[in-house]
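Visitor: Here you go, query.txt (compact mmCIF, C-alpha atoms):
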```txt
# COMPACT_ATOMS: atom_id res chain seq x y z
CA MET A 1 -3.77 82.27 -28.97
CA VAL A 2 -2.11 80.30 -31.74
CA HIS A 3 1.69 80.61 -31.64
CA HIS A 4 2.84 77.83 -33.96
CA VAL A 5 1.17 76.30 -37.01
CA LYS A 6 1.72 73.37 -39.34
CA ILE A 7 2.19 74.50 -42.93
CA ILE A 8 2.11 72.72 -46.27
CA ALA A 9 3.68 74.49 -49.26
CA THR A 10 2.43 72.82 -52.44
CA ALA A 11 4.75 72.35 -55.40
CA ALA A 12 4.70 71.18 -59.01
CA MET A 13 6.04 67.65 -59.47
CA GLY A 14 9.83 67.71 -59.53
CA LEU A 15 10.13 71.05 -57.73
CA GLU A 16 9.63 69.82 -54.15
CA SER A 17 13.35 70.04 -53.29
CA VAL A 18 13.55 73.59 -54.70
CA VAL A 19 10.62 74.68 -52.49
CA ALA A 20 12.19 72.88 -49.50
CA ASN A 21 15.46 74.80 -50.02
CA GLU A 22 13.52 78.05 -50.09
CA VAL A 23 11.65 77.14 -46.88
CA LYS A 24 14.96 76.27 -45.19
CA GLY A 25 16.37 79.58 -46.43
CA LEU A 26 13.58 81.33 -44.50
CA GLY A 27 14.71 79.49 -41.37
CA TYR A 28 12.21 76.62 -41.10
CA ASP A 29 12.91 72.86 -41.09
CA ALA A 30 11.10 71.20 -43.98
CA GLU A 31 10.12 67.65 -44.87
CA VAL A 32 9.66 66.79 -48.54
CA GLU A 33 6.69 64.74 -49.75
CA ASN A 34 5.15 64.16 -53.19
CA GLY A 35 3.92 67.51 -54.47
CA LYS A 36 4.41 69.26 -51.16
CA VAL A 37 6.75 70.42 -48.42
CA ARG A 38 5.62 70.29 -44.81
CA PHE A 39 6.93 72.16 -41.76
CA ARG A 40 6.00 73.55 -38.35
CA ALA A 41 6.70 77.23 -37.72
CA PRO A 42 5.56 80.38 -35.88
CA VAL A 43 2.39 82.07 -37.20
CA SER A 44 4.58 84.74 -38.85
CA ALA A 45 5.76 82.05 -41.31
CA ILE A 46 2.37 82.28 -43.07
CA SER A 47 3.12 85.88 -44.08
CA ARG A 48 6.80 85.34 -44.82
CA CYS A 49 6.27 82.19 -46.91
CA ASN A 50 3.52 83.79 -49.01
CA LEU A 51 5.72 86.81 -49.66
CA TRP A 52 9.01 85.01 -50.32
CA LEU A 53 8.42 81.54 -51.79
CA ARG A 54 9.27 81.81 -55.48
CA SER A 55 8.70 78.23 -56.62
CA ALA A 56 5.76 77.09 -54.43
CA ASP A 57 2.19 77.01 -55.80
CA ARG A 58 0.46 78.00 -52.57
CA VAL A 59 0.80 77.97 -48.77
CA ARG A 60 -1.75 75.91 -46.86
CA LEU A 61 -2.38 75.82 -43.12
CA LEU A 62 -2.74 72.22 -41.90
CA VAL A 63 -5.59 72.01 -39.36
CA GLY A 64 -5.59 68.24 -38.94
CA GLU A 65 -4.86 64.83 -40.42
CA PHE A 66 -6.40 61.51 -39.49
CA THR A 67 -7.29 58.01 -40.70
CA VAL A 68 -10.89 57.72 -41.82
CA LYS A 69 -13.02 54.91 -43.26
CA THR A 70 -16.61 56.06 -42.76
CA PHE A 71 -18.55 59.29 -43.19
CA ASP A 72 -19.34 59.26 -39.45
CA GLU A 73 -15.63 59.17 -38.63
CA LEU A 74 -15.01 62.01 -41.06
CA PHE A 75 -17.70 64.11 -39.35
CA GLU A 76 -16.59 63.39 -35.75
CA GLN A 77 -12.86 63.80 -36.36
CA THR A 78 -13.38 67.02 -38.32
CA LYS A 79 -15.60 68.37 -35.53
CA ALA A 80 -12.90 67.50 -32.96
CA LEU A 81 -10.38 69.90 -34.60
CA PRO A 82 -9.85 73.42 -33.17
CA TRP A 83 -11.43 75.36 -36.07
CA GLU A 84 -12.22 78.31 -33.79
CA ASP A 85 -8.45 78.92 -33.41
CA PHE A 86 -8.38 79.95 -37.05
CA ILE A 87 -11.84 80.82 -38.43
CA SER A 88 -13.47 83.97 -37.06
CA GLU A 89 -17.12 84.07 -35.98
CA ASP A 90 -18.19 85.74 -39.22
CA GLY A 91 -15.66 83.87 -41.44
CA GLN A 92 -16.66 82.41 -44.80
CA PHE A 93 -15.47 78.81 -45.08
CA PRO A 94 -16.32 77.17 -48.42
CA VAL A 95 -15.10 73.56 -48.61
CA SER A 96 -13.49 71.97 -51.68
CA GLY A 97 -12.34 68.38 -51.86
CA LYS A 98 -10.42 65.66 -53.66
CA SER A 99 -10.22 61.92 -53.19
CA VAL A 100 -7.57 59.52 -54.48
CA LYS A 101 -7.78 55.73 -53.83
CA SER A 102 -9.97 56.31 -50.78
CA ILE A 103 -12.99 54.34 -49.56
CA LEU A 104 -14.76 57.70 -49.26
CA HIS A 105 -14.67 58.48 -52.97
CA SER A 106 -17.71 60.77 -53.23
CA VAL A 107 -16.15 64.25 -53.09
CA PRO A 108 -19.49 66.17 -52.82
CA ASP A 109 -20.49 64.05 -49.79
CA CYS A 110 -17.10 64.60 -48.12
CA GLN A 111 -17.34 68.35 -48.71
CA ALA A 112 -20.87 68.54 -47.26
CA ILE A 113 -19.89 66.50 -44.18
CA VAL A 114 -16.76 68.59 -43.49
CA LYS A 115 -18.75 71.81 -43.95
CA LYS A 116 -21.42 70.64 -41.49
CA ALA A 117 -18.84 69.45 -38.93
CA ILE A 118 -16.94 72.77 -38.98
CA ALA A 119 -20.21 74.73 -38.66
CA GLU A 120 -21.31 72.60 -35.67
CA ARG A 121 -17.96 73.12 -33.96
CA LEU A 122 -17.94 76.89 -34.55
CA LYS A 123 -21.57 77.35 -33.44
CA LEU A 124 -20.71 75.50 -30.23
CA LYS A 125 -17.58 77.57 -29.57
CA TYR A 126 -19.10 80.93 -30.50
CA GLY A 127 -22.43 80.23 -28.76
CA LEU A 128 -24.54 80.65 -31.88
CA ALA A 129 -27.98 79.08 -32.07
CA THR A 130 -28.57 79.82 -35.75
CA LYS A 131 -26.33 79.17 -38.74
CA MET A 132 -22.96 80.85 -39.19
CA PRO A 133 -23.21 84.35 -40.75
CA GLU A 134 -20.25 83.85 -43.20
CA THR A 135 -19.99 87.55 -44.08
CA GLY A 136 -16.33 88.14 -43.08
CA ALA A 137 -12.86 87.04 -44.19
CA LEU A 138 -12.42 84.05 -46.50
CA TYR A 139 -11.02 80.74 -45.21
CA LYS A 140 -11.00 78.24 -48.11
CA VAL A 141 -11.01 74.77 -46.56
CA GLU A 142 -9.88 71.69 -48.48
CA VAL A 143 -10.51 68.08 -47.52
CA ALA A 144 -7.96 65.90 -49.33
CA LEU A 145 -8.40 62.14 -49.02
CA HIS A 146 -5.53 59.90 -50.02
CA LYS A 147 -6.02 56.18 -49.44
CA ASP A 148 -7.65 56.38 -45.99
CA THR A 149 -6.00 59.52 -44.68
CA ALA A 150 -7.91 62.79 -44.57
CA GLN A 151 -5.94 66.02 -44.60
CA LEU A 152 -7.79 69.22 -43.74
CA THR A 153 -6.16 72.49 -44.72
CA ILE A 154 -7.04 76.17 -45.14
CA ASP A 155 -5.58 78.08 -48.10
CA THR A 156 -3.62 81.11 -46.86
CA SER A 157 -2.63 82.42 -50.30
CA GLY A 158 -5.83 83.29 -52.17
CA THR A 159 -4.93 83.26 -55.86
CA GLY A 160 -1.99 80.94 -56.60
CA LEU A 161 1.49 82.26 -55.79
CA HIS A 162 2.41 82.34 -59.50
CA LYS A 163 0.16 85.41 -59.77
CA ARG A 164 2.83 87.98 -58.90
CA GLY A 165 0.79 90.89 -60.18
CA TYR A 166 3.11 91.96 -63.01
CA ARG A 167 1.72 90.03 -65.98
CA VAL A 168 -0.10 92.47 -68.25
CA GLY A 169 0.27 90.24 -71.31
CA GLN A 170 1.29 86.73 -72.34
CA GLY A 171 1.74 84.45 -75.32
CA GLU A 172 0.01 81.18 -76.21
CA ALA A 173 1.87 78.94 -73.79
CA PRO A 174 3.22 81.14 -71.00
CA LEU A 175 5.63 79.61 -68.51
CA LYS A 176 4.27 79.85 -64.96
CA GLU A 177 6.16 82.39 -62.87
CA THR A 178 6.79 79.74 -60.17
CA MET A 179 8.36 77.38 -62.74
CA ALA A 180 10.46 80.18 -64.26
CA ALA A 181 11.82 81.07 -60.81
CA ALA A 182 12.61 77.39 -60.15
CA LEU A 183 14.52 77.12 -63.45
CA VAL A 184 16.76 79.99 -62.28
CA LEU A 185 17.08 78.61 -58.73
CA LEU A 186 18.21 75.25 -60.16
CA THR A 187 21.29 76.93 -61.66
CA ASN A 188 24.37 78.44 -60.02
CA TRP A 189 23.62 81.85 -61.57
CA LYS A 190 24.64 84.79 -59.39
CA PRO A 191 23.42 88.39 -59.84
CA ASP A 192 26.86 89.45 -61.16
CA ASP A 193 26.74 86.89 -64.01
CA THR A 194 25.29 87.60 -67.46
CA LEU A 195 22.02 85.77 -68.12
CA ILE A 196 20.40 85.43 -71.55
CA ASP A 197 17.03 83.90 -72.39
CA PRO A 198 16.96 83.54 -76.21
CA PHE A 199 13.30 82.39 -76.21
CA CYS A 200 11.97 84.93 -73.74
CA GLY A 201 8.31 85.01 -74.82
CA SER A 202 6.47 87.27 -72.38
CA GLY A 203 9.68 87.66 -70.36
CA THR A 204 8.97 85.44 -67.38
CA ILE A 205 12.46 83.91 -66.91
CA PRO A 206 14.39 87.23 -67.17
CA ILE A 207 11.85 88.95 -64.87
CA GLU A 208 12.02 86.20 -62.23
CA ALA A 209 15.83 86.24 -62.48
CA ALA A 210 15.86 90.01 -61.91
CA LEU A 211 13.62 89.63 -58.84
CA ILE A 212 16.02 86.96 -57.52
CA GLY A 213 19.05 89.11 -58.45
CA GLN A 214 17.80 92.11 -56.46
CA ASN A 215 16.34 89.90 -53.69
CA ILE A 216 12.84 91.31 -54.23
CA ALA A 217 10.09 89.24 -52.58
CA PRO A 218 7.94 87.86 -55.44
CA GLY A 219 4.70 88.54 -53.52
CA PHE A 220 5.53 92.16 -52.75
CA ASN A 221 2.96 93.63 -55.16
CA ARG A 222 -0.08 91.46 -54.44
CA GLU A 223 -2.59 90.54 -51.74
CA PHE A 224 -3.14 87.28 -49.86
CA ALA A 225 -6.27 85.72 -48.33
CA SER A 226 -4.68 85.49 -44.87
CA GLU A 227 -4.00 89.25 -44.64
CA ASN A 228 -7.57 89.55 -43.32
CA TRP A 229 -7.45 86.73 -40.78
CA GLY A 230 -8.10 87.66 -37.16
CA PHE A 231 -5.68 85.21 -35.53
CA ILE A 232 -2.75 86.70 -37.49
CA LYS A 233 -2.18 90.14 -36.02
CA GLY A 234 -2.00 92.97 -38.59
CA SER A 235 1.46 93.81 -37.26
CA VAL A 236 2.71 90.36 -38.39
CA TRP A 237 1.89 91.22 -42.01
CA GLU A 238 3.30 94.73 -41.59
CA GLN A 239 6.58 93.28 -40.27
CA ALA A 240 6.74 90.80 -43.18
CA PHE A 241 6.33 93.58 -45.75
CA GLU A 242 8.88 95.74 -43.89
CA GLU A 243 11.38 92.86 -43.87
CA ALA A 244 10.87 92.42 -47.63
CA GLU A 245 11.46 96.14 -48.20
CA ASP A 246 14.62 96.08 -46.04
CA LEU A 247 16.10 93.01 -47.74
CA ALA A 248 15.55 94.18 -51.32
CA ASN A 249 18.82 95.21 -52.96
CA TYR A 250 17.71 97.76 -55.55
CA ASP A 251 21.32 98.85 -56.17
CA GLN A 252 22.41 95.45 -57.46
CA GLN A 253 23.54 95.85 -61.08
CA LEU A 254 22.21 93.15 -63.41
CA ASP A 255 23.18 91.96 -66.89
CA ILE A 256 20.02 90.15 -67.99
CA ILE A 257 18.94 89.94 -71.64
CA GLY A 258 15.70 88.57 -73.08
CA THR A 259 15.40 87.98 -76.84
CA ASP A 260 12.62 86.54 -78.99
CA ILE A 261 11.97 86.15 -82.71
CA ASP A 262 8.51 87.77 -82.31
CA HIS A 263 8.58 91.56 -81.83
CA LYS A 264 5.06 91.45 -80.32
CA MET A 265 6.31 89.18 -77.51
CA VAL A 266 9.31 91.47 -76.90
CA LYS A 267 6.89 94.39 -76.43
CA ILE A 268 4.77 92.32 -73.99
CA ALA A 269 7.93 91.31 -72.07
CA MET A 270 8.94 94.97 -71.77
CA ASP A 271 5.46 95.89 -70.46
CA ASN A 272 5.55 93.04 -67.92
CA ALA A 273 9.02 94.10 -66.70
CA THR A 274 7.82 97.70 -66.30
CA GLU A 275 4.77 96.48 -64.34
CA ALA A 276 7.13 94.46 -62.10
CA GLY A 277 8.97 97.72 -61.30
CA LEU A 278 12.12 96.53 -63.08
CA GLY A 279 12.09 99.34 -65.67
CA ASP A 280 15.35 99.34 -67.63
CA LEU A 281 17.07 96.61 -65.61
CA ILE A 282 16.55 93.99 -68.33
CA GLN A 283 17.60 94.44 -71.97
CA TRP A 284 15.03 93.20 -74.50
CA LYS A 285 15.79 92.51 -78.17
CA GLN A 286 13.93 91.07 -81.12
CA MET A 287 16.21 88.56 -82.83
CA GLN A 288 16.65 85.00 -84.06
CA VAL A 289 18.67 82.48 -82.08
CA LYS A 290 21.26 82.17 -84.85
CA ASP A 291 22.08 85.89 -84.44
CA LEU A 292 22.88 85.53 -80.74
CA PHE A 293 26.11 87.37 -80.00
CA ILE A 294 28.00 86.62 -76.80
CA ARG A 295 30.51 89.18 -75.49
CA LYS A 296 31.46 88.09 -71.97
CA GLN A 297 32.63 84.90 -70.28
CA ASN A 298 31.02 82.76 -67.56
CA GLY A 299 27.43 83.57 -68.48
CA TYR A 300 24.21 81.58 -68.36
CA ILE A 301 21.61 80.72 -70.98
CA ILE A 302 18.28 79.78 -69.37
CA GLY A 303 15.43 79.13 -71.77
CA ASN A 304 12.11 77.42 -72.39
CA PRO A 305 12.02 77.19 -76.21
CA PRO A 306 9.01 76.03 -78.29
CA TYR A 307 8.60 72.23 -78.18
CA GLY A 308 7.37 71.78 -81.77
CA GLU A 309 3.98 70.25 -81.01
CA ARG A 310 2.41 71.79 -84.10
CA ILE A 311 2.79 69.89 -87.37
CA GLY A 312 5.45 71.45 -89.55
CA ASP A 313 7.27 73.07 -86.63
CA HIS A 314 9.60 70.13 -86.06
CA LYS A 315 12.23 71.02 -88.66
CA THR A 316 12.31 74.72 -87.75
CA ILE A 317 12.75 73.92 -84.07
CA ALA A 318 15.40 71.26 -84.69
CA ALA A 319 17.34 73.85 -86.73
CA MET A 320 16.99 76.41 -83.93
CA TYR A 321 18.43 73.96 -81.39
CA LYS A 322 21.28 73.19 -83.79
CA ASP A 323 22.02 76.94 -84.18
CA LEU A 324 22.15 77.36 -80.40
CA GLY A 325 24.46 74.35 -80.02
CA ASN A 326 26.83 75.66 -82.69
CA ILE A 327 27.05 79.10 -81.06
CA MET A 328 27.62 77.70 -77.56
CA LYS A 329 30.46 75.40 -78.75
CA ASP A 330 32.55 78.57 -79.01
CA HIS A 331 31.73 79.63 -75.44
CA PRO A 332 32.80 76.77 -73.14
CA SER A 333 32.75 79.03 -70.06
CA TRP A 334 28.97 79.43 -70.40
CA SER A 335 26.39 77.21 -68.70
CA VAL A 336 23.27 76.34 -70.69
CA TYR A 337 19.93 75.30 -69.19
CA ILE A 338 17.06 74.38 -71.52
CA LEU A 339 13.58 73.13 -70.58
CA THR A 340 11.92 71.26 -73.43
CA ALA A 341 9.64 68.32 -74.24
CA PHE A 342 11.35 68.00 -77.66
CA GLN A 343 12.59 64.46 -78.16
CA ASP A 344 16.20 64.22 -79.42
CA PHE A 345 17.08 67.68 -78.08
CA GLU A 346 20.67 66.57 -77.34
CA LYS A 347 21.08 65.13 -80.84
CA HIS A 348 20.13 68.43 -82.52
CA TYR A 349 21.99 70.59 -79.98
CA GLY A 350 25.04 68.45 -80.70
CA GLN A 351 26.10 67.58 -77.16
CA LYS A 352 24.97 65.37 -74.30
CA ALA A 353 23.81 67.26 -71.22
CA THR A 354 25.91 67.22 -68.05
CA LYS A 355 22.69 66.54 -66.16
CA LYS A 356 18.99 66.10 -66.92
CA ARG A 357 16.05 66.72 -64.60
CA LYS A 358 12.48 65.60 -65.23
CA LEU A 359 9.95 68.41 -64.66
CA PHE A 360 6.30 68.94 -65.48
CA ASN A 361 5.51 72.20 -67.25
CA GLY A 362 1.77 72.27 -66.60
CA PHE A 363 0.78 68.75 -67.67
CA ILE A 364 3.59 68.37 -70.19
CA ARG A 365 6.46 66.11 -69.17
CA THR A 366 9.66 67.95 -69.97
CA ASP A 367 13.37 67.58 -69.36
CA TYR A 368 15.61 70.32 -68.00
CA TYR A 369 18.89 69.87 -69.91
CA GLN A 370 21.83 71.27 -67.98
CA TYR A 371 25.25 71.97 -69.51
CA PHE A 372 27.79 73.16 -66.95
CA GLY A 373 30.33 75.65 -68.29
CA LYS A 374 34.03 75.56 -67.40
CA ARG A 375 34.41 78.89 -65.63
CA GLN A 376 37.27 81.07 -66.82
CA ARG A 377 39.24 83.36 -64.57
CA GLY A 378 39.37 87.02 -65.59
CA GLU A 379 37.41 88.65 -68.41
CA ILE A 380 38.46 88.65 -72.03
```
Now that the file is in, can you turn its structure into structure tokens?
Guide:
Amino acid sequence: MVHHVKIIATAAMGLESVVANEVKGLGYDAEVENGKVRFRAPVSAISRCNLWLRSADRVRLLVGEFTVKTFDELFEQTKALPWEDFISEDGQFPVSGKSVKSILHSVPDCQAIVKKAIAERLKLKYGLATKMPETGALYKVEVALHKDTAQLTIDTSGTGLHKRGYRVGQGEAPLKETMAAALVLLTNWKPDDTLIDPFCGSGTIPIEAALIGQNIAPGFNREFASENWGFIKGSVWEQAFEEAEDLANYDQQLDIIGTDIDHKMVKIAMDNATEAGLGDLIQWKQMQVKDLFIRKQNGYIIGNPPYGERIGDHKTIAAMYKDLGNIMKDHPSWSVYILTAFQDFEKHYGQKATKKRKLFNGFIRTDYYQYFGKRQRGEI
């Protein structure tokens, strides 16, 4: 019986510390590495991390890690790992691979060797003379070679964790749900504060904020590969879903507003919010940034505006940033957080950021400009 496992939660570059904070929040000690967070935890952590991690890309089970310089070593050391602890007798175990700066640079060869080694080990342990049936649950194995270290993992998530199950429509350059959640988690926003996204697109930032605000597990409405794994008792998944149901705070009032210049995107955002079960919790409006009207104090703007990559967009976008800067000058109690790849953002916005954080939105290098408001006591 497996009681504890080693887990790797993968993360977009720049979000490792956000994922680590989330892992710690679930009660596990985490170590941060490039593009990942690693920790040891009870088997139940597989279910809980898949359900709750908002900013991680996926949750991988680490089966083994070793130094390797020849294909023979790769075969023998892979075969020496306890695959039968995880993969059932009828389990499907396709192998994918990647190799960076490693002597063993042929990925297809590495995949074939790992596949053969696992099959040999399982046949031995299950007493099978013929080949493995591979008709049951899916265990996607990855062999990742970096320099001369091989890391063998099984993907517990299935589709990436950004697939929350609520997206019925999107625009041309949708923000990943995991990134949107991280943008909110990187602020001091609390569910009682007003939050406005003036460039809401398909609504991802307001929707992720609402899920955070009501403490709804982001994976609550989807399935995961490891739900069908034999070594994780069904009751473990049941308990994880029950915990998520118990911890959700559906009574929490929210003041979240999403606006966009494109009425088609506003309609898509509304549909996505409905699909997420958030109904009328978020207010959606079609409007230009220059018409933004702010009523309360101590609010938050969190947005991922267009970057102006298309020719001819530059002037329009510069003007939009200027409009936002002019409006926010009159609201010093508000905090403003903008993710953009637009050079000279601060110049057009009219103010230097309190703090800047480098993040990758997909493959685009962006900066997260953070302006901390001076909180006021009492409402106007």
Visitor: Using all atoms listed in the file, determine which residues lie at most 10 Å from Ala217 in chain A, disregarding the query and same-chain residues fewer than 2 positions distant; provide the list as a list of chain:residue names.
Guide: A:Arg48, A:Cys49, A:Asn50, A:Leu51, A:Trp52, A:Leu53, A:Arg54, A:Arg164, A:Leu211, A:Ile212, A:Gln214, A:Asn215, A:Gly219, A:Phe220, A:Asn221, A:Phe241, A:Glu243, A:Ala244, A:Glu245, A:Leu247, A:Ala248
Visitor: So which residues touch Gln351 in chain A within 9 Å, counting only C-alpha atoms, skipping near sequence neighbours fewer than 5 positions away, as a PDB file with C-alpha atoms, keeping the file's coordinate frame?
Guide:
```
ATOM      1  CA  GLY A 325      24.460  74.350 -80.020  1.00  0.00           C
ATOM      2  CA  GLU A 346      20.670  66.570 -77.340  1.00  0.00           C
ATOM      3  CA  TYR A 371      25.250  71.970 -69.510  1.00  0.00           C
TER       4      TYR A 371
END
```
Visitor: Between A:Lys264, A:Lys358, A:His162, A:Lys123, which residue has the minimum interatomic distance to Asp57 in chain A, considering all atoms listed in the file?
Guide: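 Among A:Lys264, A:Lys358, A:His162, A:Lys123, it is A:His162 that comes nearest to Asp57 in chain A.
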Visitor: List as a PyMOL selection string the residues having at least one atom at most 12 Å from position (9.4, 67.2, -44.0) as given in the file, counting all atoms listed in the file.
Guide: chain A and resi 6-9+16-17+19-21+23-24+28-40
Visitor: Using only C-alpha atoms, which residue out of A:Glu84, A:Asp260, A:Asp344, A:Glu120 lies closest to His314 in chain A?
Guide: A:Asp344
